[in-house]
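As C-alpha cells, the structure follows; a few thoughts come after it.
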Amino acid sequence: MRILGKWGIAAAFVCCGLLFLACANNDNKAPDTLALDLWQAGKMVTTEIVTAFGGIDKCFAAEPIPDGVWQRMQGKTFKENPYIGRDDLRHIRALHWDYDNQMHVGEMVCNKQIAERVVRILRQLFDAKYPIERMLLPDVYDADDEMQMRDNNSSCFCYRNIAATNNLSKHARGLAIDINTLYNPYIKTLDDGTLLIQPATGEAYCDRSWDFPYKIDHEDLCFRLFTEAGFEWGGDWTTRKDYQHFELIEYINN
C-alpha cells in the first residue's frame, strides 16, 4: 500500500475542497434570467427564472416604446402617417401559458388609451392558465397579417387597412387585439359572392358548432374579460365575422 506523505495528504485535501466548492457552486447556480432581462418574446421560462427576475408582477407592464422595439417596427407595423405616432403607443410585456403547461414570454404594442386594460386582461388570462400559443410582434412576420395568423399569433398594433377594403383598421391605431388567430378566423362574403377567409388555413374553424382548441365563443374567458373592459367582439358582427378580434368601443359625442 502506498502511503501519502504530508504534502500528498495536503494536496488531496485541497483537491477535495475544490471539488466540493465546484459542486456547491453548481448546485447554487442562479437561474438564467436573460430571456426576461432582454424580454425575448417566444422564449419559455420557469417559475425559478421568474422568481429570480423579480416575480410575476414584474412580468406584466406597459411602458413607452423602447428604442430597440421602435427600430424593429419601422417600415413594418409602423409606417409614417398623420394619425398615430410613437408617443401614442405602448409596449406591453406579459407572460402567457399554452397547452404545453409552460410559461412563455410575450409582447404587444397597443394604443396608450387601452394599455393598462390590456395588461390587466393578459394577467387575468395568465392567472387562469388560459392558452395563448404565441404573442409576438407582427414585425417578426414582416407585418404580413396572413403569415402571422397562420402561425396562430396574437397581436395588436399594425398600421394597415381592414381586409379587402381601403379603410384603416383599428389595429392601425392600436385599439384592436387579435387572439389565437388561426383557430378564430376572419370571414366575409365579398361582392362577387366569394368567401374571404383569413387566414386561408383557418377554413376548418369557420364552423363554430364543434369544439376545438383555442376556440373563442360567448362562454370563453377571453370573450368575457375583453367585453367587460369595453371591447366588442368581432364574432358578434353581422356583415362579417372576426372571431379572433376585440376592438375598443368608441362613443361619438354629437
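Ordering of the C-alpha cells sets the chain letters (A, B, ...), residue numbers begin anew at 1 in every chain, and ligands are numbered from 1 in the order given.
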> stretch 81-84 of chain A: which residues within 12 Å, counting only C-alpha atoms, same-chain residues fewer than 4 positions away excluded, as a list in words?
Replying inline: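 Residues meeting the cut-off are Gln74, Gly75, Thr77, Asp88, Leu89, Arg90, Cys110, Asn111, Lys112, Phe157, Cys158, Tyr159, Arg160, Leu168, Lys170, His171, Ala172, Arg173, Gly174 and Leu175 of chain A.
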Each stretch 177-223 of chain A residue no farther than 12 Å from stretch 133-148 of chain A, nearest pair in Å, only C-alpha atoms, as JSON lines:
```
{"residue": "A:Ile177", "atom": "CA", "partner": "A:Met135", "partner_atom": "CA", "distance": 11.0}
{"residue": "A:Asp178", "atom": "CA", "partner": "A:Met135", "partner_atom": "CA", "distance": 10.0}
{"residue": "A:Ile179", "atom": "CA", "partner": "A:Met135", "partner_atom": "CA", "distance": 8.7}
{"residue": "A:Asn180", "atom": "CA", "partner": "A:Glu133", "partner_atom": "CA", "distance": 6.8}
{"residue": "A:Thr181", "atom": "CA", "partner": "A:Gln148", "partner_atom": "CA", "distance": 8.1}
{"residue": "A:Leu182", "atom": "CA", "partner": "A:Gln148", "partner_atom": "CA", "distance": 8.7}
{"residue": "A:Tyr183", "atom": "CA", "partner": "A:Glu133", "partner_atom": "CA", "distance": 10.7}
{"residue": "A:Pro185", "atom": "CA", "partner": "A:Glu146", "partner_atom": "CA", "distance": 10.5}
{"residue": "A:Tyr186", "atom": "CA", "partner": "A:Glu146", "partner_atom": "CA", "distance": 10.6}
{"residue": "A:Leu196", "atom": "CA", "partner": "A:Glu146", "partner_atom": "CA", "distance": 12.0}
{"residue": "A:Ile197", "atom": "CA", "partner": "A:Glu146", "partner_atom": "CA", "distance": 10.0}
{"residue": "A:Gln198", "atom": "CA", "partner": "A:Glu146", "partner_atom": "CA", "distance": 6.6}
{"residue": "A:Pro199", "atom": "CA", "partner": "A:Glu146", "partner_atom": "CA", "distance": 5.4}
{"residue": "A:Ala200", "atom": "CA", "partner": "A:Glu146", "partner_atom": "CA", "distance": 7.8}
{"residue": "A:Thr201", "atom": "CA", "partner": "A:Glu146", "partner_atom": "CA", "distance": 9.3}
{"residue": "A:Gly202", "atom": "CA", "partner": "A:Glu146", "partner_atom": "CA", "distance": 10.4}
{"residue": "A:Pro213", "atom": "CA", "partner": "A:Glu133", "partner_atom": "CA", "distance": 10.3}
{"residue": "A:Tyr214", "atom": "CA", "partner": "A:Glu133", "partner_atom": "CA", "distance": 8.5}
```
> So which residues of stretch 2-235 of chain A fall under alpha helix (DSSP H) by DSSP, listed as a PyMOL selection string?
Replying inline: chain A and resi 6-27+34-37+47-53+67-73+115-127+145-150+221-228
Write out as a compact mmCIF listing (two decimals) with N, CA and C atoms, in the first residue's frame each polymer residue whose atoms come within 7 Å of A:Ile249, counting only C-alpha atoms; drop sequence neighbours fewer than 5 positions from it.
```
# COMPACT_ATOMS: atom_id res chain seq x y z
N GLY A 230 -64.85 46.89 -22.05
CA GLY A 230 -65.24 47.91 -23.01
C GLY A 230 -64.90 47.63 -24.46
N PHE A 231 -64.63 46.36 -24.77
CA PHE A 231 -64.34 45.96 -26.14
C PHE A 231 -65.54 45.23 -26.74
N GLU A 232 -65.67 45.29 -28.06
CA GLU A 232 -66.67 44.48 -28.73
C GLU A 232 -65.97 43.35 -29.47
```
> What does the distance from atom CA of A:Ala41 to atom CA of A:Ala94 come to in Å, to one decimal?
Replying inline: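 Separation of atom CA of A:Ala41 and atom CA of A:Ala94: 9.1 Å.
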> Can you tell me how far atom CA of A:Gly235 sits from atom CA of A:Gln113, in Å to one decimal?
Replying inline: 23.1 Å
